[in-house]
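Take a look at the structure set out below.
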Number of protein chains: 2
Amino acid sequence: MANGAEPRVRIADVAREAGVSKAAVSFAFNKPDRLSTETAARIQDVAARMGYRPHPVARMLSAGQTTTIGILTPQALGQVFANPFFALFSEGVASVAEEHGFGLLFISPLHGSLARALDRATVDGIVVLGLAEGHPEMDSIRRSGLPAVVVDAPAWPGHSAILVDDEGGARLAAEHLLALGHREIVVIAVEPALGELTDEGVAGRRLRGYRTALSAVGVELTSDQVFRVPATIEGGEAAFLRVWSAGERPTGVLCMSDAAAAGVLGAARRLGIRVPEELSIVGFDDLPLTRFTDPPLTTVHQPVRQKGEEAATMLLEALRRSASGDQDRQRVLGTRLLGTRLVVRRSTAAPSGERRLEVVAAR
Amino acid sequence: MANGAEPRVRIADVAREAGVSKAAVSFAFNKPDRLSTETAARIQDVAARMGYRPHPVARMLSAGQTTTIGILTPQALGQVFANPFFALFSEGVASVAEEHGFGLLFISPLHGSLARALDRATVDGIVVLGLAEGHPEMDSIRRSGLPAVVVDAPAWPGHSAILVDDEGGARLAAEHLLALGHREIVVIAVEPALGELTDEGVAGRRLRGYRTALSAVGVELTSDQVFRVPATIEGGEAAFLRVWSAGERPTGVLCMSDAAAAGVLGAARRLGIRVPEELSIVGFDDLPLTRFTDPPLTTVHQPVRQKGEEAATMLLEALRRSASGDQDRQRVLGTRLLGTRLVVRRSTAAPSGERRLEVVAAR
DNA sequence: TACCTTCGCTAAACCGGTTTAGTCGCCGGT
DNA sequence: ACCGGCGACTAAACCGGTTTAGCGAAGGTA
């Protein structure tokens, strides 16, 4: 821990010590050309000697901006960091923020309330991750009046958004399993922030994609074939153990996140189930880790890091525009839609002959 | 993007509208008992109707605290998030911060300068990750006067620290390979923030552990057997390809991070090298992903999340103490040392007979 | 009736900077 | 000798809240 005692050196202290006004000290730091060279140098000397650092909060207040953007998540950070997807997304946001000299603040519900967290958040704008229209906390965000870019949710009125083709990607995943001959399929869904799976959230869109593909060949997904867990390795592991102990004996698993898929892989191993011979697993996201799992995961690729980068870029662009007094309603709003594609690796295969027979016999 | 136009509602606006003083409005929010019930209610109504939210920066300024802690990293966030270690560590810090109602700000070099980033950082204290004494930016931190807890580096004078037994863990890793019969070994080192590998940083301590174990059986590590790369999957992959093309034909690889180890695994696969039959790989950290690699990684366990939790706890405790005016030098400083242990999975085995002969013949 | 409290509220100081609008002295020009 | 202009610096307002000191009216007490 640091010096508990000696109070902070303020600009007035420096001014007094150097025998000048507060304004002069401020100029010495920010606009040295408004002072004579000698005076500026002397003030800087004195300041350095006294260990003066302008108080960042005070500076923010008069500057009227924080030079910081926020990443807002509807879940607790303790959970959210457990999903490698989030790290990758943050990586994208962070790299752009950094490049433009912006800090990065993580905003998550404080004691369960996003509104409360937002009230404390000293940011110029926020990247909102996965909060669909209709989320009860959405209003807090709009009311905050902060510029925001919405990611993984349809654009809110007045805000820009970045979306990927979740439904299409999910459809590809399901069609892949179907083409291999799978008919007994369960879905490991990521936990939506709140509300029903039928909502406009990520999980809802992906589920729709799965369903579309499945019903096209007459396979209907009942609600006890859809398991909702946090998008983490542990979540996926627990989910598949639950699947198994519930008596389900699927030949294929559609996971809405790679982290969950990795967990399913682990659970299968613990249960002595061989992948892909006895069980096929498809993930979602195409995180770097998928190339190193045993076996490497078949998954749906989406440009996660790029999503973060584009979100940050759009947000900063908006800040720049609003700072330059460009108030006209001509704002470039809109939705940026990014594509998804299936990446086939080795976690999927045709169901074994035996299981295939079982399936046929059951019909 | 949001409302570009209408200016923010300030406390004075609410006061005027409600026909009271600014103080009354402030009380209505913070100390309603100092107002009559009706007045408080009326003010709150007016404020709600006008969409008033106290300006967080102004509040910080007069409160004299930010209710935010920072995580400081010597590398760019764009890099640092690529290491799953960091996500796990952040998870620990975040969960404790959240629980205590604190926000989390990431502080990384701005345009190459940590000092500059620190000057902008509105935090009450910081968790410093992996900055060893002697780092040129260390002074900026001390000069900032902010309470700090140092993680993965020896305690700085006046600050607390959290360390794990890196050297011991590394020794275990090396001894494991030696016991299996390996003698041709390369090291994939994590890039230290700056400075030499011989420093007091994480990489330095682990290298010392490797060396101690190796020289005990007469194996010396030359500098061209130590490869320094970022602690990421890509880093490890690139490193091992470099090893190979440099003509090195090790039977064992000691990696200072699991992420790098996963990368080596990938590189080996690309090169058609079987693990562990032809190549043994040991990681470091024991991240969740190690259980799902192909094959599962032998690695050195360290309590990463716990490190984050303890760092945050120590920091908050210090803040609490200094806030309560507990200025005496009796502060509980010190270093918390956490243990490491080897976790043997399936990425290590005795070198193949052929290679063993080669080694013997070469002597 | 005079005096003391208590209640409800306000004016003004304060947090620590930045910025605007001057002030002052000096120099050069005429 | 007078004026204009410029360079160097300062006083004061301002950012938007919180907090302290204190005021006036209502109510209670002697």
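As shown in the structure tokens, the chain order sets the letters A, B, ...; within each chain, residues go from 1, and ligands are also counted from 1 in the order they appear.
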
| chain A residues within 7 Å of chain B, counting only C-alpha atoms: which ones, as a PyMOL selection string? | chain A and resi 1-5+51+56-58+60-61+77-78+81-82+87-88+91-92+94-95+98+101+103-107+110+119-122+143+145-149+158-160+262+266+292-295+318+322+327+333

| request: Run DSSP on the backbone and grab whatever in range 36-190 of chain A lands in helix (DSSP H, G or I); send it over as a ChimeraX atom specification. | output: /A:37-50,56-63,77-80,84-99,114-120,138-144,166-180

| task | Would you give me, as number ranges by chain, the residues of chain C that come within 12 Å of chain A, using only C-alpha atoms (C1' of nucleotides)? | result | C: 15-20

Could you write those residues out with C-alpha atoms (C1' of nucleotides), as a short mmCIF file (atom, residue, chain, number, x, y, z; two decimals), in the first residue's frame?
```cif
data_model
loop_
_atom_site.label_atom_id
_atom_site.label_comp_id
_atom_site.auth_asym_id
_atom_site.auth_seq_id
_atom_site.Cartn_x
_atom_site.Cartn_y
_atom_site.Cartn_z
"C1'" DC C 15 -13.64 19.43 -4.61
"C1'" DG C 16 -9.33 20.62 -8.28
"C1'" DG C 17 -8.76 21.62 -12.23
"C1'" DT C 18 -9.51 24.70 -17.19
"C1'" DT C 19 -10.68 28.73 -19.60
"C1'" DT C 20 -12.22 33.38 -20.50
#
```

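As for CA of Ser223 in chain B and CA of Ala170 in chain B, they are spaced 17.2 Å apart.
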
Quick one: residues within 12 Å of DC9 in chain C, only C-alpha atoms (C1' of nucleotides) counted, chain neighbours fewer than 6 positions away excluded, as a short mmCIF file (atom, residue, chain, number, x, y, z; two decimals) with C-alpha atoms (C1' of nucleotides), in the first residue's frame?
```cif
data_model
loop_
_atom_site.label_atom_id
_atom_site.label_comp_id
_atom_site.auth_asym_id
_atom_site.auth_seq_id
_atom_site.Cartn_x
_atom_site.Cartn_y
_atom_site.Cartn_z
CA GLY B 19 -38.49 25.68 -6.80
CA VAL B 20 -35.85 24.64 -4.33
CA SER B 21 -32.10 25.01 -3.88
CA LYS B 22 -29.43 22.78 -5.35
CA ALA B 23 -28.73 21.50 -1.88
CA ALA B 24 -32.30 20.33 -1.52
CA VAL B 25 -32.06 18.35 -4.72
CA PHE B 27 -30.43 15.88 -0.25
CA ALA B 28 -33.44 14.41 -1.96
CA ARG B 34 -32.96 15.98 5.90
CA LEU B 35 -36.02 17.02 3.95
CA SER B 36 -39.70 16.74 4.67
CA THR B 39 -40.51 17.87 -0.50
CA ALA B 40 -38.21 14.92 -1.06
"C1'" DG D 22 -26.70 29.21 9.44
"C1'" DC D 23 -31.33 31.41 8.84
"C1'" DG D 24 -36.31 31.85 9.77
"C1'" DA D 25 -40.50 29.96 11.34
#
```

| Leaving out Glu17 in chain A and any residue of its chain fewer than 3 positions from it, which residues lie within 9 Å of it when counting only C-alpha atoms (C1' of nucleotides), given as a list in words? | Ala12, Asp13, Val14, Val20, Ile43, Val46 and Ala47 of chain A

Dump of C-alpha atoms for the selected residues, as a PDB file, in the first residue's frame:
```pdb
ATOM      1  CA  ALA A  12      -2.822  25.817  -5.837  1.00  0.00           C
ATOM      2  CA  ASP A  13       0.140  24.455  -3.890  1.00  0.00           C
ATOM      3  CA  VAL A  14       2.307  24.508  -6.942  1.00  0.00           C
ATOM      4  CA  VAL A  20       2.320  32.367  -9.863  1.00  0.00           C
ATOM      5  CA  ILE A  43       6.753  26.023 -13.061  1.00  0.00           C
ATOM      6  CA  VAL A  46       8.563  23.224  -9.201  1.00  0.00           C
ATOM      7  CA  ALA A  47       5.712  20.896 -10.096  1.00  0.00           C
TER       8      ALA A  47
END
```

| message | Could you work out which residues of chain D fall inside 8 Å of chain A? Count only C-alpha atoms (C1' of nucleotides), and format the result as an MDAnalysis selection string. | response | chainID D and resid 8:10 14:16

Restrict the selected residues to N, CA and C atoms (P, O5', C5', C4', C3', O3' and C1' of nucleotides) and save them as a tab-separated table (two decimals), in the first residue's frame.
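out.tsv written:
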```
chain	number	residue	atom	x	y	z
D	8	DA	P	6.02	36.64	-23.96
D	8	DA	O5'	5.33	36.97	-22.57
D	8	DA	C5'	5.96	37.90	-21.70
D	8	DA	C4'	5.22	37.90	-20.39
D	8	DA	C3'	4.93	36.50	-19.83
D	8	DA	O3'	5.29	36.49	-18.47
D	8	DA	C1'	2.93	37.76	-19.94
D	9	DC	P	5.28	35.17	-17.63
D	9	DC	O5'	3.93	35.43	-16.82
D	9	DC	C5'	3.86	36.57	-15.96
D	9	DC	C4'	2.42	36.87	-15.64
D	9	DC	C3'	1.68	35.80	-14.86
D	9	DC	O3'	1.60	36.20	-13.49
D	9	DC	C1'	0.30	36.89	-16.49
D	10	DT	P	0.89	35.22	-12.43
D	10	DT	O5'	-0.52	35.93	-12.33
D	10	DT	C5'	-0.59	37.34	-12.13
D	10	DT	C4'	-2.04	37.77	-12.04
D	10	DT	C3'	-2.89	36.92	-11.10
D	10	DT	O3'	-3.75	37.79	-10.39
D	10	DT	C1'	-3.85	36.91	-13.24
D	14	DC	P	-20.01	32.06	-14.82
D	14	DC	O5'	-19.50	30.58	-15.12
D	14	DC	C5'	-18.66	30.34	-16.25
D	14	DC	C4'	-18.14	28.93	-16.17
D	14	DC	C3'	-19.15	27.91	-15.62
D	14	DC	O3'	-19.42	26.94	-16.61
D	14	DC	C1'	-17.01	27.62	-14.65
D	15	DC	P	-20.82	26.13	-16.50
D	15	DC	O5'	-20.32	24.63	-16.53
D	15	DC	C5'	-19.25	24.19	-17.34
D	15	DC	C4'	-18.70	22.93	-16.75
D	15	DC	C3'	-19.69	22.19	-15.88
D	15	DC	O3'	-20.33	21.17	-16.64
D	15	DC	C1'	-17.53	22.31	-14.84
D	16	DG	P	-21.93	21.09	-16.53
D	16	DG	O5'	-22.16	20.36	-15.14
D	16	DG	C5'	-21.72	19.04	-14.97
D	16	DG	C4'	-21.88	18.64	-13.52
D	16	DG	C3'	-23.27	18.92	-12.94
D	16	DG	O3'	-23.64	17.84	-12.12
D	16	DG	C1'	-21.64	19.85	-11.58
```

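Those residues of range 125-204 of chain A that DSSP, working from the backbone, places in strand (DSSP E or B) are Gly125, Ile126, Val127, Val128, Leu129, Ala148, Val149, Val150, Val151, Ser160, Ala161, Ile162, Leu163, Val164, Ile185, Val186, Val187, Ile188, Ala189 and Val190 of chain A.
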
| message | For a test of reading the model, state the distance in Å between CA of Arg336 in chain B and CA of Val164 in chain B, rounded to one decimal. | response | 8.2 Å

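Our summary of the geometry notes that CA of Glu310 in chain B is positioned 18.7 Å from CA of Ala132 in chain B.
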
| field | Spatial neighbours of Ala261 in chain A, max dist 12 Å, only C-alpha atoms (C1' of nucleotides), sep filter under 6 positions, as a ChimeraX atom specification | value | /A:83,187-190,229-240,252-255,267-268,275,279-287,289-290,293-300,347-348 /B:289,292

Resulting file, chosen residues, C-alpha atoms, as a short mmCIF file (atom, residue, chain, number, x, y, z; two decimals), in the first residue's frame:
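The new file part.cif reads:
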```
data_model
loop_
_atom_site.label_atom_id
_atom_site.label_comp_id
_atom_site.auth_asym_id
_atom_site.auth_seq_id
_atom_site.Cartn_x
_atom_site.Cartn_y
_atom_site.Cartn_z
CA ASN A 83 -16.24 -17.08 -21.51
CA VAL A 187 -29.06 -28.11 -27.92
CA ILE A 188 -26.85 -26.51 -25.31
CA ALA A 189 -28.07 -22.95 -25.25
CA VAL A 190 -26.21 -20.04 -23.77
CA VAL A 229 -26.33 -22.91 -19.19
CA PRO A 230 -23.75 -20.16 -18.85
CA ALA A 231 -21.43 -19.96 -21.85
CA THR A 232 -18.46 -21.42 -20.03
CA ILE A 233 -16.52 -24.65 -20.10
CA GLU A 234 -17.96 -25.58 -16.73
CA GLY A 235 -21.43 -24.73 -17.94
CA GLY A 236 -21.16 -27.02 -20.94
CA GLU A 237 -19.73 -29.80 -18.87
CA ALA A 238 -22.53 -29.61 -16.33
CA ALA A 239 -25.11 -29.38 -19.07
CA PHE A 240 -24.08 -32.55 -20.81
CA GLY A 252 -25.33 -34.94 -31.84
CA VAL A 253 -24.99 -31.82 -29.72
CA LEU A 254 -25.45 -28.30 -30.98
CA CYS A 255 -23.70 -25.83 -28.69
CA ALA A 267 -18.11 -34.44 -20.03
CA ALA A 268 -18.18 -36.95 -22.86
CA VAL A 275 -16.10 -38.15 -30.01
CA LEU A 279 -21.15 -38.30 -30.28
CA SER A 280 -20.86 -35.34 -32.62
CA ILE A 281 -20.41 -31.86 -31.22
CA VAL A 282 -20.74 -28.53 -33.00
CA GLY A 283 -19.70 -25.32 -31.32
CA PHE A 284 -20.24 -21.65 -32.10
CA ASP A 285 -17.80 -18.72 -32.31
CA ASP A 286 -14.67 -20.42 -33.65
CA LEU A 287 -12.47 -19.25 -30.82
CA LEU A 289 -9.10 -22.76 -28.52
CA THR A 290 -11.23 -24.85 -30.89
CA THR A 293 -9.33 -29.35 -28.32
CA ASP A 294 -9.37 -33.11 -28.51
CA PRO A 295 -10.66 -33.55 -31.14
CA PRO A 296 -10.61 -30.12 -32.77
CA LEU A 297 -14.09 -28.65 -32.77
CA THR A 298 -16.38 -28.31 -35.70
CA THR A 299 -17.92 -24.91 -35.14
CA VAL A 300 -19.57 -21.86 -36.63
CA SER A 347 -15.70 -33.34 -33.58
CA THR A 348 -18.41 -34.39 -35.99
CA LEU B 289 -8.36 -25.04 -21.44
CA PHE B 292 -9.45 -30.01 -23.33
#
```
